[in-house]
Amino acid sequence: MSDTHAFVPPIAEAPVQPGTATQAAAATSRVAPGAPLLEVSDLVTHYPVRRGLHEAVVRKKRRWVHAVDGVTFSLGRGEMMALVGESGCGKTSTVQTVLGMVKPTSGAVRLSGTDIAGLPERQMRPLRRKVQMIYQDPYESLDPRFRVIQTVEEPLLVHGIGQTAAARRDLIIKALDQAGLAPAEAFLDRYPHELSGGQRQRVAIATALVLGPDLLLADEPVSMLDVSVRAGVLSLLDTLRKTVDMGILMITHDLSTAAHFADKIAVMYLGRIVEKGSASEIVRNPQHPYTKALLSVVPKRDPRDRSTPQILTGETPDPVAVPSGCRFHPRCPIAIDRCRTEDPALRLPSASTAGHLAACHLV
Amino acid sequence: MSASLLEVEDLHVWFDVPHGDQVHAVQGVSFNLQPGERFGLVGESGCGKTTTVLALMGLLPPNASLAGQVRVDGKNILAGGEDTVRTYRWKDIAMVFQGAMNALNPVKKVGWQIAEPMAFHGVAEGKAAMKRAGELLELVGIPAKSAERYPHEFSGGMRQRASIAMALACEPKILLADEPTTALDVMVQAQILELLTTLSDELGLAVVLVTHDLPVVAQVCSRAAVMYAGEIAEAGPTDTLFHDPRHPYTRLLFAATPDLYGDEAVTSIPGAPPRLDREITGCPFQPRCDVPMDQCADGHPPLLQIAMGHQAACYRATERSDQFAEAK
């Protein structure tokens, strides 16, 4: 172990109330006043493709999976942004990089002005309290042998919050209350198998809330839940961002959910954001041909509402061999010669208003 | 009305569970299906959708017992237990299982896996079976030469197509598809749904689509049944179910589903479905209903005929559901 980071300030010892700012984050670096909660700029995350022994011996060029390839967005307090796109488009890699679980190849992730990209683990740890994650499957993400109280207590123990069991218990009850599990006391001693899917996901949310995060990352938070309880969990997230003033970055493949609950939508394709803007603008005035196709295949509730879906053939190409020019051109219904050679940048489409950006030569 | 291709009448399924208890998973389900028709079975998890279609295949586990009739072309296929149902399974009724795309054998070529059951059912053998496997792959939109490839070389959508091809090997008249698009991306989901629609239009294949996703049923099926606690709560044309639901559960289920362009608030249904290991008195949906009446707790509402082909099991089924919800 290198000793370069020996003078990192210790983790704050004082009990921290959920929802209030900790000083630990501020201790590691300067905080720019007025900076947005989360600012991701030009984020690039590449994973190496493993070479076989033969390939290594003949010094075959190392290849890379371009999981995230230049992603820029920002998220304010109280905002909810949805990242949408097909599997393999880099949604999860983006979120994992923001969370610090994956080191970015280049680019910056600023949390309230502090660049956290590539920060060493010891400096990252106090900041982790500010960024919490909810996973897709509450049937897998909760330890079946832990009672609810143990599950929610674990992050407090990891971060050294709450001196006594009683103090921690108070924080746990408060978090369960916030997550809509009432009366909280009745849930403390239950095991996950005694809970319904919706209740399990609420326990997972309480586990994230107990640290008082500023930013919540939610990876498909309702896709494993029953239709009848999905709305409840999404409304809870919606309430939390408004009351606790938290930013929420939600990954979803369900555009209807994104349209209903998010303020902003960013559509990803092969490691890039191809279109972003306010949720209503993206849904009602889509500009990028990929966004248009995605919207056209969302099944509508009304059987009379049968618009012709514009079905793209094939699936997202291999992120190891990214197409030249616009990376969507092999599947694009309106591609022209220019698209094969020239990579379009995000810009304001002529048919929309400020705040809406699309990466297409033809808008 | 001509005789139906498939008639399910008063189907009941019980599962024996430890300690002498029984779970009454399917409680008197009836529906019918015409050739080339697409019929949806929708509901929350645990409502008996999958159990119903497994019963039609005669593939329930040994701890299950069942009652009722399942007639294919007028013949009761469950009459003689496994001995009779075996002659219909795959040849008349075939099924794409939930997660079938992940159940392919990773060390066998896809073509071989499609050809294998053909020999067993006497459809084709050896070279002829391999040739037919190629044709089936073409039918579901995969180049025939891909029969020589292994499952890991296929994408998720292609594996799901291959499992549909497998179900079609013995030219069935009825295809039961259990959550065929649940783990797939929206674009691939659209491709698979288009494939199922084309197959039923062009081959006259009758499709039973089991899903929890109401919009999928709305776009693909002409008729559907909404299941709740092992029973059919409401059945009818999909258009009627959306525009004139008579069971509060149908209305609330639509209200819990966000629509891309809908502005109305999306609301969850409070509570959870009842346990099926004990007798339910009264209407099973009564504890979660937003417009219950006194009689709902005492008596079980019968499945009322509202119009031709439209039934709902609710005491208030004669009123328009959206109107009595407003009146409240």
# chains A, B, ... in the order shown; residues from 1 in each chain; ligands from 1
$ interface_residues --of "chain A" --to "chain B" --cutoff "6 Å" --atoms "only C-alpha atoms" --output "JSON, numbers by chain"
{"A": [86, 226, 228, 229, 231, 232, 256, 297, 299, 300, 301, 303]}
$ select_by_dssp --residues "region 217-269 of chain B" --states "helix (DSSP H, G or I)" --output "PyMOL selection string"
chain B and resi 217-220+238-243+248-255
$ write_last_selection --atoms "C-alpha atoms" --output "short mmCIF file (atom, residue, chain, number, x, y, z; two decimals), in the first residue's frame"
data_model
loop_
_atom_site.label_atom_id
_atom_site.label_comp_id
_atom_site.auth_asym_id
_atom_site.auth_seq_id
_atom_site.Cartn_x
_atom_site.Cartn_y
_atom_site.Cartn_z
CA VAL B 217 -52.20 -7.20 -24.12
CA ALA B 218 -54.01 -4.06 -25.30
CA GLN B 219 -51.84 -3.87 -28.40
CA VAL B 220 -51.57 -7.57 -29.26
CA THR B 238 -59.55 -5.58 -24.84
CA ASP B 239 -61.23 -2.45 -26.15
CA THR B 240 -64.12 -2.91 -23.72
CA LEU B 241 -61.80 -3.69 -20.80
CA PHE B 242 -60.04 -0.37 -21.29
CA HIS B 243 -62.97 1.85 -22.22
CA PRO B 248 -62.92 -2.18 -10.05
CA TYR B 249 -59.74 -4.30 -10.26
CA THR B 250 -59.55 -3.85 -14.04
CA ARG B 251 -60.04 -0.10 -13.70
CA LEU B 252 -57.45 0.20 -10.91
CA LEU B 253 -54.95 -1.96 -12.78
CA PHE B 254 -55.15 0.37 -15.77
CA ALA B 255 -54.84 3.36 -13.44
#
$ atom_distance --atom1 "CA of Leu312 (chain A)" --atom2 "CA of Cys360 (chain A)"
17.0 Å
$ select_by_dssp --residues "region 98-231 of chain B" --states "strand (DSSP E)" --output "ChimeraX atom specification"
/B:174-178,206-211,223-228,231
$ write_last_selection --atoms "N, CA and C atoms" --output "CSV table (one decimal), in the first residue's frame"
chain,number,residue,atom,x,y,z
B,174,ILE,N,-52.4,-24.3,-31.1
B,174,ILE,CA,-52.5,-23.3,-30.0
B,174,ILE,C,-51.1,-23.1,-29.4
B,175,LEU,N,-50.7,-21.8,-29.2
B,175,LEU,CA,-49.4,-21.5,-28.6
B,175,LEU,C,-49.7,-20.8,-27.3
B,176,LEU,N,-49.2,-21.3,-26.2
B,176,LEU,CA,-49.3,-20.6,-24.9
B,176,LEU,C,-47.9,-19.9,-24.7
B,177,ALA,N,-48.0,-18.6,-24.6
B,177,ALA,CA,-46.7,-17.9,-24.4
B,177,ALA,C,-46.8,-17.2,-23.0
B,178,ASP,N,-45.9,-17.7,-22.1
B,178,ASP,CA,-45.9,-17.2,-20.7
B,178,ASP,C,-44.8,-16.1,-20.6
B,206,ALA,N,-53.5,-20.0,-32.8
B,206,ALA,CA,-54.2,-19.3,-31.7
B,206,ALA,C,-53.2,-19.1,-30.6
B,207,VAL,N,-53.2,-17.9,-30.0
B,207,VAL,CA,-52.1,-17.6,-29.0
B,207,VAL,C,-52.8,-17.2,-27.7
B,208,VAL,N,-52.3,-17.8,-26.6
B,208,VAL,CA,-52.7,-17.3,-25.3
B,208,VAL,C,-51.5,-16.6,-24.7
B,209,LEU,N,-51.6,-15.3,-24.5
B,209,LEU,CA,-50.5,-14.5,-24.1
B,209,LEU,C,-50.6,-14.2,-22.6
B,210,VAL,N,-49.7,-14.8,-21.8
B,210,VAL,CA,-49.8,-14.6,-20.3
B,210,VAL,C,-48.8,-13.5,-20.0
B,211,THR,N,-49.3,-12.4,-19.3
B,211,THR,CA,-48.4,-11.3,-19.0
B,211,THR,C,-49.0,-10.5,-17.9
B,223,ARG,N,-59.0,-10.2,-27.3
B,223,ARG,CA,-59.8,-10.4,-26.1
B,223,ARG,C,-58.8,-10.7,-24.9
B,224,ALA,N,-59.3,-10.5,-23.7
B,224,ALA,CA,-58.4,-10.8,-22.6
B,224,ALA,C,-59.2,-11.2,-21.3
B,225,ALA,N,-58.6,-11.8,-20.4
B,225,ALA,CA,-59.2,-12.1,-19.1
B,225,ALA,C,-58.3,-11.5,-18.0
B,226,VAL,N,-58.8,-10.8,-17.1
B,226,VAL,CA,-58.1,-10.3,-16.0
B,226,VAL,C,-58.3,-11.2,-14.8
B,227,MET,N,-57.2,-11.8,-14.3
B,227,MET,CA,-57.3,-12.8,-13.2
B,227,MET,C,-56.9,-12.1,-11.9
B,228,TYR,N,-57.6,-12.6,-10.9
B,228,TYR,CA,-57.3,-12.1,-9.5
B,228,TYR,C,-57.6,-13.3,-8.6
B,231,GLU,N,-59.1,-16.5,-9.9
B,231,GLU,CA,-60.4,-16.4,-10.6
B,231,GLU,C,-60.3,-15.4,-11.8
$ residues_around --residues "Thr45 (chain A)" --least-positions-apart "3" --cutoff "8 Å" --atoms "only C-alpha atoms" --output "list in words"
His66, Ala67, Val68, Asp69, Ser93, Thr94, Thr97, Lys103, Pro104, Thr105 and Ser106 of chain A
$ closest_residue --among "B:Lys127, B:Lys75, B:His310, B:His152" --to "Arg246 (chain B)" --atoms "only C-alpha atoms"
B:His310
$ closest_atom_pairs --of "region 16-112 of chain B" --to "region 8-12 of chain B" --cutoff "8 Å" --atoms "only C-alpha atoms" --output "Markdown table"
| residue | atom | partner | partner_atom | distance |
| --- | --- | --- | --- | --- |
| B:His24 | CA | B:His12 | CA | 7.5 |
| B:Ala25 | CA | B:His12 | CA | 7.5 |
| B:Val26 | CA | B:His12 | CA | 4.9 |
| B:Gln27 | CA | B:His12 | CA | 4.8 |
| B:Gly28 | CA | B:Asp10 | CA | 4.1 |
| B:Val29 | CA | B:Leu11 | CA | 4.9 |
| B:Ser30 | CA | B:Glu9 | CA | 4.4 |
| B:Phe31 | CA | B:Val8 | CA | 5.2 |
| B:Asn32 | CA | B:Val8 | CA | 6.0 |
| B:Thr52 | CA | B:Leu11 | CA | 7.9 |
| B:Leu66 | CA | B:His12 | CA | 5.4 |
| B:Ala67 | CA | B:His12 | CA | 5.0 |
| B:Gly68 | CA | B:Leu11 | CA | 4.3 |
| B:Gln69 | CA | B:Glu9 | CA | 5.1 |
| B:Val70 | CA | B:Val8 | CA | 4.5 |
| B:Arg71 | CA | B:Val8 | CA | 6.4 |
$ residues_around --residues "Gly134 (chain B)" --least-positions-apart "3" --cutoff "8 Å" --atoms "only C-alpha atoms" --output "list of chain:residue names"
B:Gly111, B:Met130, B:Lys131, B:Leu137, B:Glu138, B:Pro143, B:Ala144, B:Lys145, B:Ser146, B:Ala147
$ residues_around --residues "Glu194 (chain A)" --least-positions-apart "3" --cutoff "12 Å" --atoms "only C-alpha atoms" --output "compact mmCIF listing (two decimals) with C-alpha atoms, in the first residue's frame"
# COMPACT_ATOMS: atom_id res chain seq x y z
CA TYR A 139 -35.55 -10.28 -3.87
CA PRO A 144 -32.28 -13.26 3.59
CA ARG A 145 -30.73 -13.93 7.03
CA PHE A 146 -30.79 -10.29 8.13
CA ARG A 147 -33.75 -8.80 9.93
CA VAL A 148 -34.86 -5.42 8.57
CA ALA A 186 -43.52 -3.40 13.30
CA PHE A 187 -41.02 -4.00 10.50
CA LEU A 188 -37.78 -3.94 12.51
CA ASP A 189 -37.68 -7.62 13.40
CA ARG A 190 -39.04 -9.02 10.17
CA TYR A 191 -37.06 -11.05 7.67
CA GLY A 197 -41.92 -7.11 -3.09
CA GLY A 198 -42.97 -3.51 -2.61
CA GLN A 199 -42.07 -3.61 1.09
CA ARG A 200 -38.67 -5.14 0.31
$ residues_around --residues "Leu104 (chain B)" --least-positions-apart "5" --cutoff "10 Å" --atoms "only C-alpha atoms" --output "number ranges by chain"
B: 99, 109-110, 113-114, 150-152, 159-160, 162-163
$ write_last_selection --atoms "N, CA and C atoms" --output "compact mmCIF listing (two decimals), in the first residue's frame"
# COMPACT_ATOMS: atom_id res chain seq x y z
N GLY B 99 -38.94 -17.42 -19.32
CA GLY B 99 -37.48 -17.60 -19.24
C GLY B 99 -36.95 -18.69 -20.14
N LYS B 109 -25.75 -27.34 -30.25
CA LYS B 109 -26.10 -26.36 -31.27
C LYS B 109 -27.61 -26.12 -31.26
N VAL B 110 -28.00 -24.89 -31.60
CA VAL B 110 -29.41 -24.52 -31.52
C VAL B 110 -30.27 -25.41 -32.42
N GLN B 113 -31.06 -28.69 -30.93
CA GLN B 113 -32.03 -28.60 -29.84
C GLN B 113 -33.46 -28.49 -30.36
N ILE B 114 -33.60 -27.84 -31.53
CA ILE B 114 -34.94 -27.72 -32.11
C ILE B 114 -35.35 -29.06 -32.73
N TYR B 150 -24.19 -21.93 -31.50
CA TYR B 150 -24.50 -22.26 -30.11
C TYR B 150 -25.29 -21.11 -29.46
N PRO B 151 -26.06 -21.41 -28.41
CA PRO B 151 -26.88 -20.36 -27.79
C PRO B 151 -26.11 -19.10 -27.40
N HIS B 152 -24.83 -19.25 -26.96
CA HIS B 152 -24.11 -18.05 -26.52
C HIS B 152 -23.80 -17.11 -27.68
N ARG B 159 -32.48 -15.75 -28.97
CA ARG B 159 -32.75 -16.95 -28.17
C ARG B 159 -34.24 -17.10 -27.93
N GLN B 160 -34.94 -15.96 -27.72
CA GLN B 160 -36.38 -16.05 -27.52
C GLN B 160 -37.05 -16.51 -28.81
N ALA B 162 -35.68 -18.47 -31.00
CA ALA B 162 -35.38 -19.89 -31.12
C ALA B 162 -36.30 -20.72 -30.24
N SER B 163 -36.63 -20.20 -29.04
CA SER B 163 -37.52 -20.98 -28.19
C SER B 163 -38.95 -20.99 -28.73
$ residues_around --residues "Leu33 (chain B)" --least-positions-apart "5" --cutoff "8 Å" --atoms "only C-alpha atoms" --output "list of chain:residue names"
B:Ser4, B:Leu5, B:Leu6, B:Glu7, B:Phe39, B:Ala206
